[in-house]
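Raw contents of entry.txt, compact mmCIF, C-alpha atoms:
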# COMPACT_ATOMS: atom_id res chain seq x y z
CA MET A 1 -17.29 -30.60 2.21
CA LEU A 2 -15.83 -27.49 3.82
CA ASN A 3 -16.29 -29.02 7.28
CA GLU A 4 -13.78 -31.68 6.27
CA ILE A 5 -10.94 -29.19 5.78
CA ILE A 6 -11.01 -27.55 9.22
CA ASN A 7 -8.85 -29.90 11.31
CA PRO A 8 -6.24 -30.85 8.69
CA LEU A 9 -5.90 -27.22 7.62
CA VAL A 10 -5.48 -25.87 11.15
CA ASP A 11 -2.98 -28.64 12.01
CA TRP A 12 -0.98 -27.84 8.87
CA TYR A 13 -0.98 -24.14 9.68
CA ARG A 14 0.25 -24.60 13.23
CA LYS A 15 3.14 -26.70 12.03
CA ASN A 16 4.10 -24.71 8.94
CA LYS A 17 3.10 -21.07 9.42
CA ARG A 18 5.61 -18.40 8.53
CA THR A 19 7.17 -16.32 11.28
CA LEU A 20 5.83 -12.80 10.84
CA PRO A 21 6.37 -9.84 13.22
CA TRP A 22 2.63 -9.29 13.74
CA ARG A 23 1.67 -12.94 14.07
CA ASP A 24 0.91 -14.62 17.42
CA GLN A 25 1.19 -11.31 19.29
CA ASN A 26 -2.37 -11.32 20.70
CA ASN A 27 -2.45 -7.63 19.81
CA ALA A 28 -5.47 -6.24 17.98
CA TYR A 29 -3.57 -3.09 16.99
CA TYR A 30 -0.79 -5.15 15.38
CA THR A 31 -3.35 -7.22 13.51
CA TRP A 32 -5.07 -4.07 12.27
CA VAL A 33 -1.90 -2.32 11.13
CA SER A 34 -0.55 -5.41 9.37
CA GLU A 35 -3.80 -6.17 7.57
CA ILE A 36 -4.12 -2.61 6.27
CA MET A 37 -0.50 -2.63 5.13
CA LEU A 38 -0.93 -6.00 3.41
CA GLN A 39 -3.68 -4.65 1.17
CA GLN A 40 -2.03 -4.22 -2.25
CA THR A 41 1.42 -5.00 -0.80
CA ARG A 42 3.49 -8.21 -0.52
CA VAL A 43 4.31 -9.72 2.88
CA GLU A 44 8.08 -9.43 2.50
CA ALA A 45 7.79 -5.77 1.54
CA VAL A 46 5.53 -5.03 4.51
CA LYS A 47 7.80 -6.44 7.26
CA PRO A 48 10.23 -3.49 7.62
CA TYR A 49 7.44 -0.94 7.26
CA PHE A 50 5.41 -2.67 9.97
CA LEU A 51 8.33 -2.80 12.40
CA ARG A 52 9.19 0.86 11.85
CA PHE A 53 5.52 1.90 12.15
CA VAL A 54 4.80 0.14 15.46
CA GLU A 55 8.12 1.26 16.92
CA GLU A 56 7.17 4.89 16.26
CA LEU A 57 3.44 4.44 16.91
CA PRO A 58 3.09 1.54 19.36
CA ASP A 59 -0.64 1.83 20.02
CA VAL A 60 -3.92 3.33 18.86
CA LYS A 61 -3.46 6.53 20.89
CA ALA A 62 -0.06 7.19 19.34
CA LEU A 63 -1.52 6.72 15.86
CA ALA A 64 -4.43 9.03 16.63
CA GLU A 65 -2.09 11.80 17.83
CA CYS A 66 0.64 11.45 15.20
CA PRO A 67 1.35 14.65 13.20
CA LYS A 68 0.33 14.35 9.57
CA GLU A 69 3.83 14.87 8.10
CA LYS A 70 5.32 12.16 10.31
CA LEU A 71 2.48 9.75 9.49
CA MET A 72 3.01 10.21 5.76
CA LYS A 73 6.77 9.65 6.17
CA LEU A 74 6.14 6.40 8.05
CA TRP A 75 3.89 5.23 5.20
CA GLU A 76 6.16 6.49 2.41
CA GLY A 77 6.79 3.72 -0.11
CA LEU A 78 3.70 1.66 0.72
CA GLY A 79 1.44 3.65 -1.58
CA TYR A 80 -2.37 3.94 -1.45
CA TYR A 81 -2.01 6.66 1.18
CA ASN A 82 -5.74 6.84 1.87
CA ARG A 83 -5.23 3.62 3.82
CA VAL A 84 -3.21 5.35 6.51
CA ARG A 85 -5.39 8.47 6.51
CA ASN A 86 -8.39 6.26 7.18
CA MET A 87 -6.46 4.43 9.88
CA GLN A 88 -5.76 7.65 11.71
CA GLU A 89 -9.39 8.74 11.48
CA ALA A 90 -10.46 5.34 12.82
CA ALA A 91 -7.85 5.56 15.59
CA ARG A 92 -9.28 8.89 16.72
CA THR A 93 -12.74 7.32 16.85
CA VAL A 94 -11.39 4.41 18.91
CA VAL A 95 -9.72 6.81 21.37
CA ARG A 96 -12.85 8.92 21.62
CA GLU A 97 -15.43 6.13 21.86
CA TYR A 98 -13.59 3.02 23.09
CA GLY A 99 -10.83 4.32 25.34
CA GLY A 100 -8.09 3.65 22.81
CA ILE A 101 -8.78 -0.10 22.57
CA LEU A 102 -10.12 -1.63 19.37
CA PRO A 103 -13.55 -3.02 20.22
CA ALA A 104 -13.97 -6.79 20.51
CA ASP A 105 -17.09 -6.60 18.39
CA TYR A 106 -17.29 -7.36 14.67
CA GLN A 107 -20.02 -4.80 13.89
CA LYS A 108 -18.28 -2.04 15.83
CA LEU A 109 -15.02 -2.78 14.03
CA LEU A 110 -16.87 -2.69 10.72
CA SER A 111 -18.19 0.80 11.54
CA LEU A 112 -14.66 2.25 11.73
CA LYS A 113 -13.29 4.24 8.80
CA GLY A 114 -11.36 2.10 6.32
CA ILE A 115 -12.30 -1.24 7.91
CA GLY A 116 -14.32 -3.55 5.70
CA ASN A 117 -15.59 -7.10 6.13
CA TYR A 118 -12.20 -8.71 5.65
CA THR A 119 -10.24 -6.50 8.06
CA ALA A 120 -13.00 -6.58 10.67
CA GLY A 121 -13.09 -10.37 10.39
CA ALA A 122 -9.31 -10.62 10.70
CA ILE A 123 -9.14 -8.44 13.82
CA ALA A 124 -12.17 -10.06 15.44
CA SER A 125 -11.06 -13.64 14.83
CA ILE A 126 -7.29 -13.33 15.28
CA ALA A 127 -7.14 -10.89 18.18
CA TYR A 128 -10.42 -11.69 19.94
CA GLN A 129 -11.26 -15.26 18.83
CA ILE A 130 -14.68 -14.23 17.54
CA PRO A 131 -15.92 -16.87 15.04
CA VAL A 132 -16.33 -14.72 11.93
CA PRO A 133 -14.68 -15.24 8.51
CA ALA A 134 -11.99 -13.05 6.93
CA VAL A 135 -12.28 -13.46 3.18
CA ASP A 136 -9.53 -11.96 1.02
CA GLY A 137 -8.26 -12.84 -2.44
CA ASN A 138 -6.27 -15.80 -1.14
CA VAL A 139 -9.31 -17.26 0.59
CA LEU A 140 -11.52 -16.73 -2.47
CA ARG A 141 -9.00 -18.58 -4.61
CA VAL A 142 -8.73 -21.50 -2.18
CA ILE A 143 -12.48 -21.89 -1.80
CA SER A 144 -13.12 -21.53 -5.54
CA ARG A 145 -10.71 -24.39 -6.22
CA ILE A 146 -12.00 -26.60 -3.42
CA GLU A 147 -15.56 -26.17 -4.68
CA GLU A 148 -14.50 -26.04 -8.34
CA SER A 149 -16.64 -22.94 -8.63
CA ARG A 150 -16.64 -20.99 -11.88
CA GLU A 151 -18.30 -17.94 -10.40
CA ASP A 152 -16.50 -14.62 -10.87
CA ILE A 153 -14.68 -13.91 -7.60
CA MET A 154 -14.57 -10.20 -8.46
CA LYS A 155 -18.31 -10.01 -7.84
CA GLN A 156 -19.45 -8.91 -4.38
CA SER A 157 -22.24 -11.49 -4.49
CA VAL A 158 -19.65 -14.28 -4.73
CA ARG A 159 -17.62 -12.86 -1.86
CA ARG A 160 -20.78 -12.66 0.27
CA ARG A 161 -21.66 -16.26 -0.55
CA VAL A 162 -18.22 -17.47 0.49
CA GLU A 163 -18.42 -15.43 3.71
CA GLU A 164 -21.79 -16.98 4.49
CA GLU A 165 -20.52 -20.51 3.83
CA LEU A 166 -17.47 -20.02 6.02
CA LEU A 167 -19.50 -18.40 8.79
CA LYS A 168 -21.51 -21.62 9.09
CA ILE A 169 -18.41 -23.75 9.69
CA MET A 170 -16.20 -21.35 11.71
CA PRO A 171 -14.60 -23.35 14.54
CA SER A 172 -15.45 -21.61 17.82
CA GLY A 173 -12.22 -22.76 19.46
CA CYS A 174 -9.75 -21.47 16.88
CA PRO A 175 -11.34 -19.04 14.40
CA GLY A 176 -8.19 -16.97 14.13
CA ASP A 177 -6.01 -19.96 13.25
CA PHE A 178 -8.59 -21.20 10.75
CA ASN A 179 -8.80 -17.84 8.96
CA GLN A 180 -5.03 -17.48 8.94
CA ALA A 181 -4.66 -21.05 7.70
CA LEU A 182 -6.87 -20.30 4.68
CA MET A 183 -4.86 -17.13 3.98
CA GLU A 184 -1.55 -18.94 4.42
CA LEU A 185 -2.60 -21.78 2.16
CA GLY A 186 -3.48 -19.29 -0.57
CA ALA A 187 -0.22 -17.40 -0.10
CA VAL A 188 2.27 -20.28 -0.16
CA VAL A 189 0.56 -23.40 -1.60
CA CYS A 190 -2.59 -22.56 -3.56
CA VAL A 191 -0.73 -19.64 -5.13
CA PRO A 192 -2.06 -17.05 -7.62
CA ASN A 193 0.95 -16.92 -9.95
CA GLY A 194 2.57 -20.08 -11.21
CA PRO A 195 1.46 -23.65 -10.65
CA ALA A 196 -0.32 -24.52 -7.41
CA ARG A 197 1.63 -26.88 -5.13
CA CYS A 198 -1.14 -29.42 -4.78
CA GLU A 199 1.28 -32.12 -3.62
CA GLU A 200 1.92 -30.01 -0.49
CA CYS A 201 -1.71 -29.13 0.17
CA PRO A 202 -3.19 -30.57 3.40
CA VAL A 203 -6.73 -30.42 1.98
CA ALA A 204 -6.09 -31.71 -1.56
CA PHE A 205 -8.25 -34.72 -0.69
CA ALA A 206 -11.29 -32.42 -0.51
CA CYS A 207 -10.44 -30.24 -3.52
CA LYS A 208 -12.62 -30.84 -6.58
CA ALA A 209 -10.33 -28.81 -8.84
CA CYS A 210 -7.36 -30.95 -7.79
CA LEU A 211 -9.37 -34.13 -8.34
CA HIS A 212 -10.54 -33.04 -11.81
CA GLY A 213 -7.34 -31.36 -12.94
CA THR A 214 -8.88 -27.89 -13.26
CA VAL A 215 -6.77 -26.04 -10.66
CA GLU A 216 -5.06 -23.76 -13.18
CA GLU A 217 -8.41 -22.76 -14.70
CA LEU A 218 -9.60 -21.32 -11.40
CA PRO A 219 -10.54 -18.95 -9.96
CA VAL A 220 -12.54 -17.09 -12.60
CA LYS A 221 -11.90 -13.35 -12.52
CA GLY A 222 -13.80 -10.83 -14.60
CA ALA A 223 -11.85 -8.32 -16.67
CA LYS A 224 -10.79 -5.18 -14.83
CA LYS A 225 -11.71 -1.75 -16.10
CA GLU A 226 -8.98 -0.44 -18.39
CA ARG A 227 -6.72 2.18 -16.79
CA ARG A 228 -6.63 5.72 -18.12
CA VAL A 229 -3.19 6.74 -19.42
CA GLU A 230 -1.79 10.16 -18.53
CA GLU A 231 1.36 11.65 -20.04
CA ARG A 232 3.29 13.82 -17.58
CA THR A 233 6.55 15.80 -17.55
CA VAL A 234 8.44 15.83 -14.24
CA LEU A 235 10.74 18.74 -13.38
CA VAL A 236 13.79 18.13 -11.16
CA ILE A 237 14.53 21.80 -10.46
CA GLN A 238 17.70 22.50 -8.49
CA ASP A 239 19.18 25.61 -6.94
CA GLY A 240 22.64 24.74 -5.66
CA PHE A 241 22.20 21.64 -3.52
CA ARG A 242 18.48 22.19 -2.96
CA THR A 243 15.69 20.62 -5.02
CA ALA A 244 12.16 21.92 -5.55
CA ILE A 245 9.17 20.04 -4.19
CA ARG A 246 5.57 21.11 -3.70
CA GLN A 247 2.54 19.84 -1.82
CA ARG A 248 -0.35 18.29 -3.72
CA PRO A 249 -3.95 19.38 -3.05
CA GLU A 250 -5.69 17.97 0.02
CA LYS A 251 -8.17 16.06 -2.15
CA GLY A 252 -7.69 13.72 -5.09
CA LEU A 253 -4.86 11.43 -6.14
CA LEU A 254 -1.93 11.40 -3.67
CA ALA A 255 -3.77 14.02 -1.62
CA GLY A 256 -1.62 16.20 0.61
CA LEU A 257 1.68 14.50 -0.25
CA TYR A 258 4.78 16.22 -1.57
CA GLU A 259 5.94 15.78 -5.15
CA LEU A 260 8.44 16.93 -7.68
CA PRO A 261 6.80 19.62 -9.82
CA ASN A 262 5.13 18.14 -12.88
CA VAL A 263 2.72 19.08 -15.63
CA LYS A 264 0.36 17.16 -17.86
CA GLY A 265 1.59 16.24 -21.32
CA THR A 266 4.98 15.35 -22.78
CA LEU A 267 6.98 18.57 -23.17
CA ASN A 268 10.14 19.12 -25.16
CA ALA A 269 13.11 20.97 -23.65
CA GLU A 270 12.03 24.45 -24.79
CA GLU A 271 8.47 23.96 -23.54
CA THR A 272 9.86 22.75 -20.23
CA LEU A 273 12.07 25.83 -19.88
CA GLU A 274 9.04 28.02 -20.49
CA LYS A 275 7.17 26.23 -17.68
CA VAL A 276 10.14 26.90 -15.40
CA ARG A 277 10.05 30.59 -16.29
CA GLU A 278 6.32 30.65 -15.52
CA LEU A 279 7.30 29.57 -12.00
CA LYS A 280 9.32 32.84 -11.78
CA LEU A 281 12.62 30.96 -11.96
CA GLU A 282 15.62 31.65 -14.17
CA PRO A 283 16.81 28.42 -15.85
CA LEU A 284 20.54 28.01 -16.48
CA PHE A 285 20.80 24.40 -17.67
CA ILE A 286 18.51 21.58 -18.76
CA ARG A 287 19.08 17.87 -19.33
CA GLU A 288 16.53 15.29 -20.40
CA LEU A 289 16.19 12.29 -18.07
CA GLU A 290 14.87 8.80 -18.71
CA THR A 291 11.20 8.01 -19.10
CA SER A 292 9.32 6.24 -16.33
CA LYS A 293 5.95 4.62 -15.73
CA HIS A 294 3.84 4.28 -12.61
CA ILE A 295 0.58 2.37 -12.32
CA PHE A 296 -2.16 3.41 -9.91
CA SER A 297 -5.36 1.44 -9.48
CA HIS A 298 -7.18 3.39 -12.18
CA ILE A 299 -4.53 5.60 -13.85
CA GLU A 300 -1.20 4.93 -15.51
CA TRP A 301 1.34 7.75 -15.55
CA ARG A 302 3.85 7.75 -18.40
CA MET A 303 6.51 10.27 -17.46
CA THR A 304 9.30 12.20 -19.10
CA GLY A 305 11.78 13.97 -16.83
CA TYR A 306 14.10 16.95 -17.03
CA LEU A 307 16.86 18.09 -14.71
CA ILE A 308 16.90 21.89 -14.60
CA ARG A 309 19.40 24.11 -12.80
CA VAL A 310 18.13 27.56 -11.89
CA ALA A 311 19.70 30.77 -10.64
CA SER A 312 19.98 31.43 -6.94
CA LEU A 313 16.67 32.01 -5.17
CA GLU A 314 17.95 34.44 -2.56
CA GLN A 315 15.59 37.18 -3.75
CA LYS A 316 12.71 34.93 -4.90
CA LYS A 317 10.27 33.99 -2.16
CA ASP A 318 7.04 33.64 -4.15
CA THR A 319 7.79 30.66 -6.42
CA GLY A 320 5.10 28.43 -4.91
CA LEU A 321 7.80 25.79 -4.41
CA LEU A 322 9.69 24.50 -1.42
CA PHE A 323 13.43 24.07 -1.99
CA VAL A 324 14.88 21.48 0.40
CA GLU A 325 18.14 19.70 1.02
CA ARG A 326 18.33 15.94 0.64
CA ASN A 327 18.48 15.13 4.38
CA GLU A 328 15.61 17.49 5.09
CA ARG A 329 13.51 15.86 2.37
CA GLU A 330 14.25 12.34 3.57
CA GLN A 331 13.43 13.14 7.18
CA GLN A 332 10.34 15.31 6.78
CA TYR A 333 8.64 15.11 3.41
CA ALA A 334 6.89 12.03 2.02
CA ILE A 335 7.24 11.79 -1.75
CA PRO A 336 5.22 9.00 -3.43
CA SER A 337 7.01 6.14 -5.15
CA ALA A 338 5.52 7.35 -8.44
CA PHE A 339 8.46 9.78 -8.55
CA ARG A 340 11.14 7.26 -7.57
CA ALA A 341 12.90 7.38 -10.95
CA TYR A 342 13.47 11.13 -10.52
CA VAL A 343 13.96 11.50 -6.76
CA LYS A 344 17.26 9.63 -7.19
CA TYR A 345 18.63 12.63 -9.08
CA MET A 346 17.79 14.78 -6.12
CA LYS A 347 19.99 12.59 -3.95
CA GLN A 348 22.87 12.39 -6.41
CA GLU A 349 22.95 16.12 -7.02
CA THR A 350 22.98 16.82 -3.30
CA LYS A 351 25.98 14.59 -2.73
CA ALA A 352 27.87 15.99 -5.68
CA LYS A 353 27.30 19.57 -4.61
CA ARG A 354 28.37 18.88 -1.04
CA ARG A 355 31.58 17.19 -2.13
CA LYS A 356 32.52 20.43 -3.90
CA LEU A 357 32.01 22.55 -0.77
Would you mind writing the structure in this file as structure tokens?
Amino acid sequence: MLNEIINPLVDWYRKNKRTLPWRDQNNAYYTWVSEIMLQQTRVEAVKPYFLRFVEELPDVKALAECPKEKLMKLWEGLGYYNRVRNMQEAARTVVREYGGILPADYQKLLSLKGIGNYTAGAIASIAYQIPVPAVDGNVLRVISRIEESREDIMKQSVRRRVEEELLKIMPSGCPGDFNQALMELGAVVCVPNGPARCEECPVAFACKACLHGTVEELPVKGAKKERRVEERTVLVIQDGFRTAIRQRPEKGLLAGLYELPNVKGTLNAEETLEKVRELKLEPLFIRELETSKHIFSHIEWRMTGYLIRVASLEQKKDTGLLFVERNEREQQYAIPSAFRAYVKYMKQETKAKRRKL
């Protein structure tokens, strides 16, 4: 059955594929960067990040040698920062062991930090025309509907089965186009949210779910583990036109990134002022800000914010905080999108203060 979809699917893809900045470049590095960025992130959101990233870091060697602060700034806004840390570690391995060129070998690609079956398959098939599958969520959805399978696609055993089935039928002449065609079909026709566009599908003739009217029942996905909720209070501490930031620990959530100071729990104004005093600062003014929420893969932050003005820091060097101007922050320090609701006050305050000068 799956053999029947190869030619019509590849023909459809070649005629209808979207124009993407990393597509049809015959560049293994571009394929790698784009596939890592596309994990957990929409295509349209990735485009400007990809273009900026490869302009600054055009090859594996540049990525391997990039200073940490600059690398984090280039990734700022994409989230899941371990992705880019793993990329840099893998890039250093590629420079050291493969002369700066990603190896044209599926198993060697798979051995690199942060590269799993899907990414290794994508690089191998798209950049090097090696006939191996690249199975992501889009592909699992497409195959589940074609086969009318009610197996849980969240299970690794199901993913392995699909990989094995596709490996048997991979076209040796165009494995990259075939893999991309399956991904493209899942992204724009056999979509995850909203009704599938079966009338536009080039392989509807071979789809059991389409034939039996069960498309919207598939794929089957097991329930995800419930996220842990954390209450946090975020402090936007300002001294003149500077705002306090600090660096997070090198291990754990958002490791090594900069953040607005924050504490666990939901504090009231007086409790917040006491926390500021514990930082050896002298608060002059406090205003409560709006609440915000940010969802990580396994934790949900529910945040309350306060804007706090403090006395001049001319004689205070041991606060444990870094007070920076807006332009300095934007150019040098990566602050995760979890703090987006409060970073905007940093920008507004800077502008207002400078207008008064």
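All protein and nucleic acid residues in the vicinity of (3.0, 16.9, -11.5), that is within 10 Å when counting only C-alpha atoms, are Arg232, Thr233, Val234, Leu235, Arg246, Arg248, Glu259, Leu260, Pro261, Asn262, Val263, Lys264, Gly265, Met303 and Phe339 of chain A.
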Write out as an NGL selection string each polymer residue whose atoms come within 9 Å of region 76-80 of chain A, counting only C-alpha atoms; drop sequence neighbours fewer than 3 positions from it.
-> :A and (37 or 40-41 or 45-46 or 49 or 71-73 or 83-84 or 254 or 296-297 or 334-338)
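Each of A:Leu110, A:Leu74, A:Leu322, A:Ala122 was compared to Leu51 (chain A) using all atoms listed in the file, and A:Leu74 turns out to be the nearest.
Here the question is which of A:Pro58, A:Pro67, A:Gly137, A:Gly305 gets nearest to Thr272 (chain A) using all atoms listed in the file, and that residue is A:Gly305.
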Would you kindly return, as a VMD selection string, each protein, DNA or RNA residue with an atom no farther than 10 Å from any atom of Arg14 (chain A), considering all atoms listed in the file and excluding same-chain residues fewer than 6 positions away?
-> chain A and resid 177 to 178 180 to 181
